[in-house]
>>> print(open('structure-v2.cif').read())   # mmCIF, C-alpha atoms
data_entry
loop_
_atom_site.label_atom_id
_atom_site.label_comp_id
_atom_site.auth_asym_id
_atom_site.auth_seq_id
_atom_site.Cartn_x
_atom_site.Cartn_y
_atom_site.Cartn_z
CA ASN D 1 -90.71 0.44 -50.60
CA CYS D 2 -87.53 -0.87 -52.21
CA ARG D 3 -86.13 2.65 -52.30
CA LYS D 4 -86.90 3.19 -48.61
CA ALA D 5 -85.30 -0.13 -47.70
CA ALA D 6 -82.17 0.74 -49.68
CA CYS D 7 -81.88 4.13 -48.02
CA ARG D 8 -82.37 2.52 -44.61
CA SER D 9 -79.58 0.00 -45.37
CA LEU D 10 -77.20 2.74 -46.53
CA SER D 11 -77.88 4.70 -43.35
CA VAL D 12 -77.08 1.69 -41.20
CA VAL D 13 -73.83 1.06 -43.12
CA PHE D 14 -72.78 4.72 -42.89
CA PHE D 15 -73.55 4.88 -39.17
CA SER D 16 -71.58 1.70 -38.57
CA PHE D 17 -68.67 3.21 -40.48
CA LEU D 18 -68.75 6.31 -38.28
CA LEU D 19 -68.72 4.15 -35.16
CA PHE D 20 -65.73 2.21 -36.51
CA VAL D 21 -63.81 5.40 -37.28
CA ALA D 22 -64.56 6.80 -33.85
CA SER D 23 -63.48 3.62 -32.04
CA PHE D 24 -60.30 3.36 -34.16
CA SER D 25 -59.40 6.98 -33.46
CA SER D 26 -59.90 6.42 -29.72
CA ALA D 27 -57.74 3.30 -29.75
CA PHE D 28 -55.02 5.04 -31.75
CA ALA D 29 -54.98 7.97 -29.36
CA GLN D 30 -54.24 5.56 -26.51
CA GLN D 31 -51.10 4.20 -28.17
CA PRO D 32 -47.84 5.21 -26.40
CA GLY D 33 -46.40 6.80 -29.51
CA SER D 34 -49.44 8.88 -30.34
CA ARG D 35 -49.73 11.10 -27.28
CA GLU D 36 -50.96 14.60 -27.66
CA VAL D 37 -48.11 17.02 -28.32
CA LYS D 38 -47.89 19.62 -25.60
CA PRO D 39 -46.42 23.06 -26.15
CA PRO D 40 -42.88 23.46 -24.79
CA ALA D 41 -42.63 24.67 -21.20
CA LEU D 42 -41.61 28.26 -20.72
CA PRO D 43 -38.03 28.72 -19.42
CA LYS D 44 -37.83 29.22 -15.68
CA SER D 45 -36.77 32.52 -14.21
CA ALA D 46 -33.53 32.92 -12.28
CA THR D 47 -35.51 33.13 -9.05
CA GLU D 48 -37.28 29.84 -9.76
CA LEU D 49 -33.99 28.13 -10.65
CA LEU D 50 -32.35 29.32 -7.44
CA VAL D 51 -35.25 27.80 -5.51
CA ASP D 52 -34.86 24.56 -7.49
CA LEU D 53 -31.25 24.29 -6.32
CA ASN D 54 -32.56 23.23 -2.92
CA SER D 55 -34.90 20.63 -4.34
CA LEU D 56 -34.73 17.16 -2.80
CA ASN D 57 -35.07 15.81 -6.33
CA PRO D 58 -31.47 15.48 -7.67
CA SER D 59 -32.68 15.82 -11.25
CA VAL D 60 -34.43 19.12 -10.55
CA ALA D 61 -31.44 20.54 -8.65
CA SER D 62 -28.95 19.38 -11.32
CA ASN D 63 -31.02 20.89 -14.13
CA ALA D 64 -31.19 24.15 -12.21
CA ILE D 65 -27.40 24.29 -11.98
CA VAL D 66 -27.05 23.69 -15.72
CA GLU D 67 -29.62 26.33 -16.65
CA LEU D 68 -28.21 28.91 -14.23
CA LYS D 69 -24.84 28.80 -16.01
CA GLY D 70 -26.34 30.45 -19.05
CA LEU D 71 -28.00 33.28 -17.12
CA LYS D 72 -24.84 34.90 -15.72
CA ILE D 73 -26.38 35.69 -12.35
CA ALA D 74 -24.42 38.00 -10.03
CA PRO D 75 -22.34 36.17 -7.37
CA LYS D 76 -24.22 37.82 -4.49
CA ASP D 77 -27.46 36.31 -5.80
CA ALA D 78 -26.21 32.88 -6.89
CA LEU D 79 -23.61 31.92 -4.27
CA PRO D 80 -25.96 31.53 -1.26
CA ALA D 81 -28.10 29.00 -3.16
CA LEU D 82 -25.04 27.20 -4.56
CA ILE D 83 -23.51 26.98 -1.09
CA SER D 84 -26.74 25.48 0.20
CA ALA D 85 -26.66 22.93 -2.65
CA LEU D 86 -23.32 21.64 -1.30
CA LYS D 87 -25.38 19.94 1.41
CA ASN D 88 -27.48 17.99 -1.10
CA GLN D 89 -27.59 14.21 -0.65
CA SER D 90 -26.63 13.67 -4.29
CA GLU D 91 -22.91 13.77 -5.11
CA PHE D 92 -23.82 14.87 -8.64
CA VAL D 93 -25.60 17.95 -7.31
CA ARG D 94 -22.74 18.74 -4.92
CA LEU D 95 -20.20 18.40 -7.74
CA GLY D 96 -22.28 20.62 -10.00
CA ALA D 97 -22.56 23.21 -7.26
CA VAL D 98 -18.78 23.27 -6.67
CA ASN D 99 -18.12 23.64 -10.39
CA ALA D 100 -20.70 26.43 -10.64
CA ILE D 101 -19.03 28.25 -7.73
CA ALA D 102 -15.66 27.84 -9.46
CA GLU D 103 -17.06 29.66 -12.49
CA TYR D 104 -17.04 32.86 -10.44
CA GLY D 105 -13.26 32.70 -9.90
CA LEU D 106 -12.00 35.52 -7.72
CA GLU D 107 -15.59 36.56 -6.99
CA ALA D 108 -16.28 33.21 -5.33
CA SER D 109 -14.43 34.23 -2.13
CA PRO D 110 -17.68 34.39 -0.07
CA ALA D 111 -17.98 30.63 -0.68
CA LEU D 112 -14.48 29.83 0.64
CA ASN D 113 -15.62 28.35 3.96
CA ALA D 114 -18.14 26.16 2.18
CA LEU D 115 -15.44 24.98 -0.23
CA LEU D 116 -13.18 24.12 2.71
CA GLY D 117 -15.98 21.90 3.95
CA ALA D 118 -16.24 20.33 0.50
CA LEU D 119 -12.56 19.32 0.76
CA LYS D 120 -13.81 16.70 3.23
CA ASP D 121 -16.67 15.48 1.03
CA LYS D 122 -17.06 11.69 0.84
CA ASP D 123 -16.91 11.87 -2.97
CA ALA D 124 -13.41 12.18 -4.47
CA LEU D 125 -14.57 14.21 -7.48
CA VAL D 126 -16.16 16.78 -5.19
CA ARG D 127 -12.95 17.05 -3.13
CA GLU D 128 -10.87 17.48 -6.29
CA ALA D 129 -13.21 20.13 -7.71
CA ALA D 130 -13.24 22.00 -4.38
CA ALA D 131 -9.42 22.20 -4.34
CA LEU D 132 -9.38 23.65 -7.84
CA ALA D 133 -12.21 26.06 -7.01
CA ILE D 134 -10.20 27.36 -4.04
CA LEU D 135 -7.24 27.81 -6.37
CA GLY D 136 -9.43 29.97 -8.61
CA ILE D 137 -10.24 32.33 -5.75
CA GLY D 138 -6.59 33.38 -5.74
CA PRO D 139 -4.33 34.87 -3.04
CA SER D 140 -7.21 35.71 -0.73
CA ALA D 141 -7.68 31.95 -0.21
CA LYS D 142 -4.19 31.36 1.21
CA GLY D 143 -5.75 30.64 4.59
CA SER D 144 -6.86 27.32 3.09
CA ILE D 145 -3.25 26.06 2.78
CA PRO D 146 -3.36 23.75 5.86
CA GLU D 147 -6.62 22.14 4.67
CA LEU D 148 -5.22 21.69 1.17
CA ALA D 149 -2.08 20.12 2.64
CA ASN D 150 -4.30 17.52 4.34
CA LEU D 151 -5.42 16.40 0.87
CA LEU D 152 -1.87 15.27 0.08
CA ASN D 153 -2.82 12.04 1.82
CA ASP D 154 -6.08 11.60 -0.07
CA ASP D 155 -6.84 8.12 -1.41
CA SER D 156 -7.60 9.62 -4.83
CA LYS D 157 -4.56 10.38 -6.97
CA LYS D 158 -6.43 13.09 -8.89
CA THR D 159 -7.46 14.76 -5.65
CA ARG D 160 -3.83 14.74 -4.46
CA GLU D 161 -2.77 16.24 -7.80
CA ALA D 162 -5.39 18.99 -7.45
CA ALA D 163 -4.02 19.79 -3.98
CA VAL D 164 -0.45 19.89 -5.35
CA THR D 165 -1.57 22.30 -8.09
CA ALA D 166 -3.35 24.59 -5.64
CA LEU D 167 -0.54 24.60 -3.07
CA SER D 168 2.18 25.24 -5.62
CA THR D 169 0.21 28.17 -7.03
CA PHE D 170 0.19 29.84 -3.61
CA GLY D 171 3.99 29.80 -3.86
CA ILE D 172 6.21 30.68 -0.92
CA GLU D 173 3.15 30.96 1.36
CA SER D 174 2.76 27.18 1.07
CA VAL D 175 6.39 26.27 1.78
CA PRO D 176 6.15 25.83 5.60
CA SER D 177 3.13 23.52 5.36
CA LEU D 178 4.67 21.60 2.48
CA ILE D 179 8.00 21.10 4.29
CA LYS D 180 6.06 19.75 7.27
CA SER D 181 4.29 17.34 4.92
CA LEU D 182 7.56 16.45 3.21
CA GLU D 183 9.08 15.41 6.54
CA SER D 184 5.92 13.77 7.91
CA GLY D 185 7.19 10.23 7.49
CA ASN D 186 4.18 9.36 5.35
CA ALA D 187 5.60 8.27 1.99
CA ARG D 188 2.56 9.27 -0.08
CA VAL D 189 2.27 12.67 1.58
CA SER D 190 6.01 13.29 1.26
CA VAL D 191 6.02 12.51 -2.47
CA SER D 192 3.11 14.90 -3.13
CA ALA D 193 4.67 17.64 -1.03
CA GLY D 194 7.95 17.25 -2.93
CA GLU D 195 6.10 17.64 -6.23
CA ALA D 196 4.47 20.87 -5.02
CA LEU D 197 7.77 22.27 -3.71
CA ALA D 198 9.46 21.47 -7.02
CA ARG D 199 6.78 23.48 -8.83
CA ILE D 200 7.27 26.42 -6.44
CA GLY D 201 10.92 26.41 -7.45
CA THR D 202 13.56 28.86 -6.22
CA PRO D 203 11.64 30.15 -3.16
CA ALA D 204 11.60 26.60 -1.78
CA VAL D 205 15.31 25.79 -2.27
CA ASP D 206 16.66 26.86 1.13
CA GLN D 207 14.08 24.82 3.05
CA LEU D 208 14.56 21.83 0.76
CA VAL D 209 18.31 21.88 1.41
CA ILE D 210 17.64 21.78 5.15
CA SER D 211 15.32 18.79 4.62
CA LEU D 212 17.96 17.10 2.48
CA LYS D 213 20.36 17.15 5.41
CA LYS D 214 17.90 15.45 7.78
CA GLY D 215 17.73 12.09 6.02
CA GLY D 216 14.75 9.76 5.72
CA VAL D 217 11.89 9.81 3.24
CA GLY D 218 11.77 13.60 3.39
CA SER D 219 15.41 13.79 2.37
CA GLU D 220 14.85 11.56 -0.63
CA ASN D 221 11.95 13.64 -1.90
CA ALA D 222 13.83 16.88 -1.12
CA SER D 223 16.61 15.60 -3.39
CA LEU D 224 14.11 14.91 -6.17
CA ALA D 225 12.57 18.37 -5.77
CA LEU D 226 15.95 20.12 -5.81
CA ALA D 227 16.95 18.18 -8.91
CA ALA D 228 13.70 19.17 -10.61
CA ILE D 229 14.28 22.84 -9.74
CA GLY D 230 17.71 22.59 -11.32
CA LYS D 231 20.09 25.53 -11.61
CA ALA D 232 18.80 27.44 -8.57
CA SER D 233 19.67 24.43 -6.40
CA VAL D 234 23.30 24.12 -7.52
CA ALA D 235 25.08 26.67 -5.28
CA PRO D 236 23.73 25.45 -1.91
CA LEU D 237 24.30 21.83 -2.95
CA ILE D 238 27.94 22.55 -3.74
CA VAL D 239 28.31 23.94 -0.24
CA LEU D 240 26.97 20.65 1.14
CA LEU D 241 29.65 18.70 -0.72
CA LYS D 242 32.07 19.72 2.04
CA ASP D 243 29.75 18.78 4.90
CA SER D 244 31.47 16.83 7.64
CA ASN D 245 28.75 14.20 7.47
CA PRO D 246 29.61 11.84 4.57
CA ALA D 247 25.92 10.89 4.15
CA ILE D 248 24.95 14.53 3.62
CA SER D 249 27.85 15.11 1.25
CA LYS D 250 26.79 12.04 -0.76
CA ARG D 251 23.18 13.21 -0.96
CA ALA D 252 24.36 16.58 -2.26
CA GLY D 253 26.57 14.88 -4.85
CA ASP D 254 23.78 12.56 -5.97
CA THR D 255 21.42 15.49 -6.36
CA LEU D 256 23.96 17.48 -8.38
CA ALA D 257 24.44 14.43 -10.60
CA ALA D 258 20.67 14.29 -11.12
CA ILE D 259 20.65 17.98 -12.10
CA GLY D 260 23.27 17.17 -14.72
CA THR D 261 24.47 19.72 -17.27
CA PRO D 262 23.24 22.88 -15.46
CA ALA D 263 25.50 21.94 -12.51
CA VAL D 264 28.68 21.37 -14.53
CA PRO D 265 29.98 24.98 -14.81
CA ALA D 266 29.72 25.53 -11.05
CA LEU D 267 31.56 22.29 -10.38
CA ILE D 268 34.40 23.10 -12.79
CA VAL D 269 34.99 26.76 -11.89
CA PRO D 270 36.90 27.08 -8.57
CA ASN D 271 34.43 27.78 -5.82
CA PRO D 272 35.47 29.46 -2.53
CA ALA D 273 33.18 27.10 -0.67
CA LEU D 274 35.37 24.16 -1.67
CA ASN D 275 38.69 25.72 -0.59
#
>>> encode(input="structure-v2.cif", output="structure tokens")
Amino acid sequence: NCRKAACRSLSVVFFSFLLFVASFSSAFAQQPGSREVKPPALPKSATELLVDLNSLNPSVASNAIVELKGLKIAPKDALPALISALKNQSEFVRLGAVNAIAEYGLEASPALNALLGALKDKDALVREAAALAILGIGPSAKGSIPELANLLNDDSKKTREAAVTALSTFGIESVPSLIKSLESGNARVSVSAGEALARIGTPAVDQLVISLKKGGVGSENASLALAAIGKASVAPLIVLLKDSNPAISKRAGDTLAAIGTPAVPALIVPNPALN
């Protein structure tokens, strides 16, 4: 009887122990840090990622843009979805889409119209990125010059600088629009236009000299641009030294003084224009 009682007691103790272990394991499994480890999700296909670009969830769309960069999808397949993503409500998604389009460089030309729309985006970073993306498309994007010139009055300094970079890269094709901006009467626009014309250099000299003669804010920034161009500006400025208008002659002299050393030889050597 004693043996049976002892066995019965041991059974009760062992069963209680099992219940304790089971309840402890259940409680532990419910702890936040002890969740069941799931196998990693399989990478999405290019088709799935292109669909995700149009997701209303900014996180999903942004992740799709990041993952697509590593897949090197052909422009004809990727650009339509990226263009559509430019309409996303999230500025982060729109910025990512513009940057992804820019990655295609010259091959991004089918997205040009969409990028022109992005130049008017309410987010300054998107506008800046769109200007640089248009620059990457190259000469075939020269039709965007008027829209880029409008950015010279942007509230964002970096956006204005991006427009200056793009316009100056288009070279002589940009000169008419830039001269118009230079003489617009808007000080901020005129300064930015002058910077772009200075970068264009020699091809802009003749038009800058004409602006110099007109006076006003445009004349001041034309003088700065001509001085920045340097040697190529010297000959036409020397001609202006003999202008019948003392104000024009003075502007020419001030600009030559700003050019400095590169202008000295032409000023010393007898010049037929001064006879």
>>> residues_around(input="structure-v2.cif", residues="Asn57 (chain D)", least_positions_apart="4", cutoff="10 Å", atoms="only C-alpha atoms", output="list of chain:residue names")
D:Asp52, D:Leu53, D:Ala61, D:Ser62, D:Asn88, D:Gln89, D:Ser90, D:Val93
>>> closest_residue(input="structure-v2.cif", among="D:Glu107, D:Asp254, D:Glu195, D:Asp123", to="Ser140 (chain D)", atoms="only C-alpha atoms")
D:Glu107
>>> residues_around(input="structure-v2.cif", residues="Lys157 (chain D)", least_positions_apart="2", cutoff="12 Å", atoms="only C-alpha atoms", output="VMD selection string")
chain D and resid 124 to 125 127 to 128 151 to 155 159 to 164 188 to 189 191 to 192
>>> resolve_selection(input="structure-v2.cif", expression="the PyMOL selection byres ((chain D and resi 64) around 12)", output="number ranges by chain")
D: 43-55, 57-63, 65-71, 78, 81-82, 85, 93, 96-97, 100
>>> closest_residue(input="structure-v2.cif", among="D:Ile238, D:Ala247, D:Leu178, D:Ile145", to="Lys214 (chain D)", atoms="all atoms listed in the file")
D:Ala247
>>> closest_residue(input="structure-v2.cif", among="D:Leu95, D:Pro246, D:Val126, D:Ala166", to="Ala149 (chain D)", atoms="all atoms listed in the file")
D:Ala166
>>> atom_distance(input="structure-v2.cif", atom1="CA of Thr165 (chain D)", atom2="CA of Glu220 (chain D)")
21.0 Å
>>> closest_residue(input="structure-v2.cif", among="D:Ser244, D:Ser144, D:Asn221, D:Ser233", to="Leu256 (chain D)", atoms="all atoms listed in the file")
D:Ser233
>>> resolve_selection(input="structure-v2.cif", expression="the PyMOL selection byres ((chain D and resi 115) around 12)", output="VMD selection string")
chain D and resid 79 82 to 87 94 to 95 97 to 102 108 to 114 116 to 121 126 to 137 141 144 147 to 148
>>> residues_around(input="structure-v2.cif", residues="Leu224 (chain D)", least_positions_apart="6", cutoff="10 Å", atoms="only C-alpha atoms", output="MDAnalysis selection string")
chainID D and resid 191 194:195 198 208 212 218 230 254:255 258:259
>>> write_last_selection(input="structure-v2.cif", atoms="C-alpha atoms", output="mmCIF file, in the coordinates of the input")
data_model
loop_
_atom_site.group_PDB
_atom_site.id
_atom_site.type_symbol
_atom_site.label_atom_id
_atom_site.label_comp_id
_atom_site.auth_asym_id
_atom_site.auth_seq_id
_atom_site.Cartn_x
_atom_site.Cartn_y
_atom_site.Cartn_z
ATOM 1 C CA VAL D 191 6.020 12.510 -2.470
ATOM 2 C CA GLY D 194 7.950 17.250 -2.930
ATOM 3 C CA GLU D 195 6.100 17.640 -6.230
ATOM 4 C CA ALA D 198 9.460 21.470 -7.020
ATOM 5 C CA LEU D 208 14.560 21.830 0.760
ATOM 6 C CA LEU D 212 17.960 17.100 2.480
ATOM 7 C CA GLY D 218 11.770 13.600 3.390
ATOM 8 C CA GLY D 230 17.710 22.590 -11.320
ATOM 9 C CA ASP D 254 23.780 12.560 -5.970
ATOM 10 C CA THR D 255 21.420 15.490 -6.360
ATOM 11 C CA ALA D 258 20.670 14.290 -11.120
ATOM 12 C CA ILE D 259 20.650 17.980 -12.100
#
>>> resolve_selection(input="structure-v2.cif", expression="the PyMOL selection byres ((chain D and resi 252) around 9)", output="list of chain:residue names")
D:Val209, D:Leu212, D:Lys213, D:Ser223, D:Pro236, D:Leu237, D:Ile238, D:Val239, D:Leu240, D:Leu241, D:Ala247, D:Ile248, D:Ser249, D:Lys250, D:Arg251, D:Gly253, D:Asp254, D:Thr255, D:Leu256, D:Ala257
>>> atom_distance(input="structure-v2.cif", atom1="CA of Arg199 (chain D)", atom2="CA of Val217 (chain D)")
18.9 Å
>>> atom_distance(input="structure-v2.cif", atom1="CA of Ser168 (chain D)", atom2="CA of Ala263 (chain D)")
24.5 Å
>>> residues_around(input="structure-v2.cif", residues="Ser174 (chain D)", least_positions_apart="2", cutoff="9 Å", atoms="all atoms listed in the file", output="count of residues only")
17
>>> closest_residue(input="structure-v2.cif", among="D:Leu182, D:Val175, D:Ala228, D:Leu56", to="Asp206 (chain D)", atoms="all atoms listed in the file")
D:Val175
>>> axis_aligned_box(input="structure-v2.cif", around="region 78-88 of chain D", padding_each_side="3 Å", output="JSON")
{"center_x": -25.7, "center_y": 25.4, "center_z": -2.7, "size_x": 10.8, "size_y": 20.9, "size_z": 14.3}
>>> closest_residue(input="structure-v2.cif", among="D:Ala204, D:Ala74, D:Ala193, D:Ile229", to="Pro262 (chain D)", atoms="all atoms listed in the file")
D:Ile229
>>> decode(input="structure-v2.cif", residues="region 187-199 of chain D", atoms="all heavy atoms", output="PDB file, in the first residue's frame")
ATOM      1  N   ALA D 187      15.383  90.686 -60.539  1.00  0.00           N
ATOM      2  CA  ALA D 187      16.785  90.595 -60.117  1.00  0.00           C
ATOM      3  C   ALA D 187      17.248  89.154 -59.957  1.00  0.00           C
ATOM      4  O   ALA D 187      18.342  88.786 -60.404  1.00  0.00           O
ATOM      5  CB  ALA D 187      16.990  91.367 -58.811  1.00  0.00           C
ATOM      6  N   ARG D 188      16.433  88.316 -59.314  1.00  0.00           N
ATOM      7  CA  ARG D 188      16.834  86.928 -59.077  1.00  0.00           C
ATOM      8  C   ARG D 188      16.979  86.160 -60.388  1.00  0.00           C
ATOM      9  O   ARG D 188      17.948  85.413 -60.580  1.00  0.00           O
ATOM     10  CB  ARG D 188      15.816  86.240 -58.165  1.00  0.00           C
ATOM     11  CG  ARG D 188      16.174  84.813 -57.808  1.00  0.00           C
ATOM     12  CD  ARG D 188      15.341  84.313 -56.647  1.00  0.00           C
ATOM     13  NE  ARG D 188      13.936  84.177 -56.970  1.00  0.00           N
ATOM     14  CZ  ARG D 188      12.997  83.834 -56.078  1.00  0.00           C
ATOM     15  NH1 ARG D 188      13.337  83.638 -54.825  1.00  0.00           N
ATOM     16  NH2 ARG D 188      11.744  83.713 -56.438  1.00  0.00           N
ATOM     17  N   VAL D 189      16.040  86.349 -61.278  1.00  0.00           N
ATOM     18  CA  VAL D 189      16.083  85.685 -62.584  1.00  0.00           C
ATOM     19  C   VAL D 189      17.300  86.166 -63.376  1.00  0.00           C
ATOM     20  O   VAL D 189      18.012  85.380 -63.997  1.00  0.00           O
ATOM     21  CB  VAL D 189      14.790  85.961 -63.381  1.00  0.00           C
ATOM     22  CG1 VAL D 189      14.918  85.443 -64.814  1.00  0.00           C
ATOM     23  CG2 VAL D 189      13.608  85.307 -62.692  1.00  0.00           C
ATOM     24  N   SER D 190      17.550  87.464 -63.347  1.00  0.00           N
ATOM     25  CA  SER D 190      18.657  88.048 -64.101  1.00  0.00           C
ATOM     26  C   SER D 190      20.002  87.512 -63.622  1.00  0.00           C
ATOM     27  O   SER D 190      20.878  87.185 -64.426  1.00  0.00           O
ATOM     28  CB  SER D 190      18.628  89.571 -63.974  1.00  0.00           C
ATOM     29  OG  SER D 190      19.637  90.163 -64.770  1.00  0.00           O
ATOM     30  N   VAL D 191      20.168  87.399 -62.311  1.00  0.00           N
ATOM     31  CA  VAL D 191      21.420  86.868 -61.758  1.00  0.00           C
ATOM     32  C   VAL D 191      21.651  85.433 -62.231  1.00  0.00           C
ATOM     33  O   VAL D 191      22.756  85.063 -62.672  1.00  0.00           O
ATOM     34  CB  VAL D 191      21.398  86.925 -60.214  1.00  0.00           C
ATOM     35  CG1 VAL D 191      22.546  86.098 -59.631  1.00  0.00           C
ATOM     36  CG2 VAL D 191      21.505  88.370 -59.741  1.00  0.00           C
ATOM     37  N   SER D 192      20.610  84.592 -62.141  1.00  0.00           N
ATOM     38  CA  SER D 192      20.739  83.189 -62.554  1.00  0.00           C
ATOM     39  C   SER D 192      21.022  83.068 -64.048  1.00  0.00           C
ATOM     40  O   SER D 192      21.845  82.246 -64.471  1.00  0.00           O
ATOM     41  CB  SER D 192      19.453  82.422 -62.208  1.00  0.00           C
ATOM     42  OG  SER D 192      19.262  82.376 -60.811  1.00  0.00           O
ATOM     43  N   ALA D 193      20.356  83.890 -64.841  1.00  0.00           N
ATOM     44  CA  ALA D 193      20.585  83.869 -66.289  1.00  0.00           C
ATOM     45  C   ALA D 193      22.027  84.273 -66.598  1.00  0.00           C
ATOM     46  O   ALA D 193      22.681  83.677 -67.463  1.00  0.00           O
ATOM     47  CB  ALA D 193      19.607  84.801 -66.992  1.00  0.00           C
ATOM     48  N   GLY D 194      22.519  85.293 -65.896  1.00  0.00           N
ATOM     49  CA  GLY D 194      23.904  85.719 -66.100  1.00  0.00           C
ATOM     50  C   GLY D 194      24.893  84.610 -65.781  1.00  0.00           C
ATOM     51  O   GLY D 194      25.889  84.427 -66.492  1.00  0.00           O
ATOM     52  N   GLU D 195      24.612  83.848 -64.726  1.00  0.00           N
ATOM     53  CA  GLU D 195      25.491  82.735 -64.362  1.00  0.00           C
ATOM     54  C   GLU D 195      25.517  81.683 -65.468  1.00  0.00           C
ATOM     55  O   GLU D 195      26.580  81.140 -65.806  1.00  0.00           O
ATOM     56  CB  GLU D 195      25.018  82.107 -63.055  1.00  0.00           C
ATOM     57  CG  GLU D 195      25.214  83.007 -61.832  1.00  0.00           C
ATOM     58  CD  GLU D 195      24.579  82.425 -60.587  1.00  0.00           C
ATOM     59  OE1 GLU D 195      23.964  81.340 -60.675  1.00  0.00           O
ATOM     60  OE2 GLU D 195      24.697  83.063 -59.517  1.00  0.00           O
ATOM     61  N   ALA D 196      24.343  81.384 -66.027  1.00  0.00           N
ATOM     62  CA  ALA D 196      24.271  80.386 -67.100  1.00  0.00           C
ATOM     63  C   ALA D 196      24.994  80.877 -68.349  1.00  0.00           C
ATOM     64  O   ALA D 196      25.728  80.120 -68.999  1.00  0.00           O
ATOM     65  CB  ALA D 196      22.811  80.068 -67.422  1.00  0.00           C
ATOM     66  N   LEU D 197      24.814  82.143 -68.698  1.00  0.00           N
ATOM     67  CA  LEU D 197      25.475  82.708 -69.883  1.00  0.00           C
ATOM     68  C   LEU D 197      26.991  82.728 -69.708  1.00  0.00           C
ATOM     69  O   LEU D 197      27.744  82.484 -70.665  1.00  0.00           O
ATOM     70  CB  LEU D 197      24.946  84.116 -70.140  1.00  0.00           C
ATOM     71  CG  LEU D 197      23.504  84.173 -70.673  1.00  0.00           C
ATOM     72  CD1 LEU D 197      22.902  85.558 -70.469  1.00  0.00           C
ATOM     73  CD2 LEU D 197      23.465  83.779 -72.156  1.00  0.00           C
ATOM     74  N   ALA D 198      27.448  83.002 -68.493  1.00  0.00           N
ATOM     75  CA  ALA D 198      28.891  82.982 -68.232  1.00  0.00           C
ATOM     76  C   ALA D 198      29.457  81.587 -68.453  1.00  0.00           C
ATOM     77  O   ALA D 198      30.569  81.429 -68.982  1.00  0.00           O
ATOM     78  CB  ALA D 198      29.163  83.451 -66.801  1.00  0.00           C
ATOM     79  N   ARG D 199      28.697  80.561 -68.071  1.00  0.00           N
ATOM     80  CA  ARG D 199      29.163  79.181 -68.265  1.00  0.00           C
ATOM     81  C   ARG D 199      29.182  78.809 -69.752  1.00  0.00           C
ATOM     82  O   ARG D 199      30.029  78.031 -70.196  1.00  0.00           O
ATOM     83  CB  ARG D 199      28.255  78.209 -67.511  1.00  0.00           C
ATOM     84  CG  ARG D 199      28.347  78.336 -65.997  1.00  0.00           C
ATOM     85  CD  ARG D 199      27.621  77.180 -65.337  1.00  0.00           C
ATOM     86  NE  ARG D 199      27.349  77.433 -63.938  1.00  0.00           N
ATOM     87  CZ  ARG D 199      26.739  76.559 -63.136  1.00  0.00           C
ATOM     88  NH1 ARG D 199      26.347  75.386 -63.612  1.00  0.00           N
ATOM     89  NH2 ARG D 199      26.511  76.863 -61.868  1.00  0.00           N
TER      90      ARG D 199
END
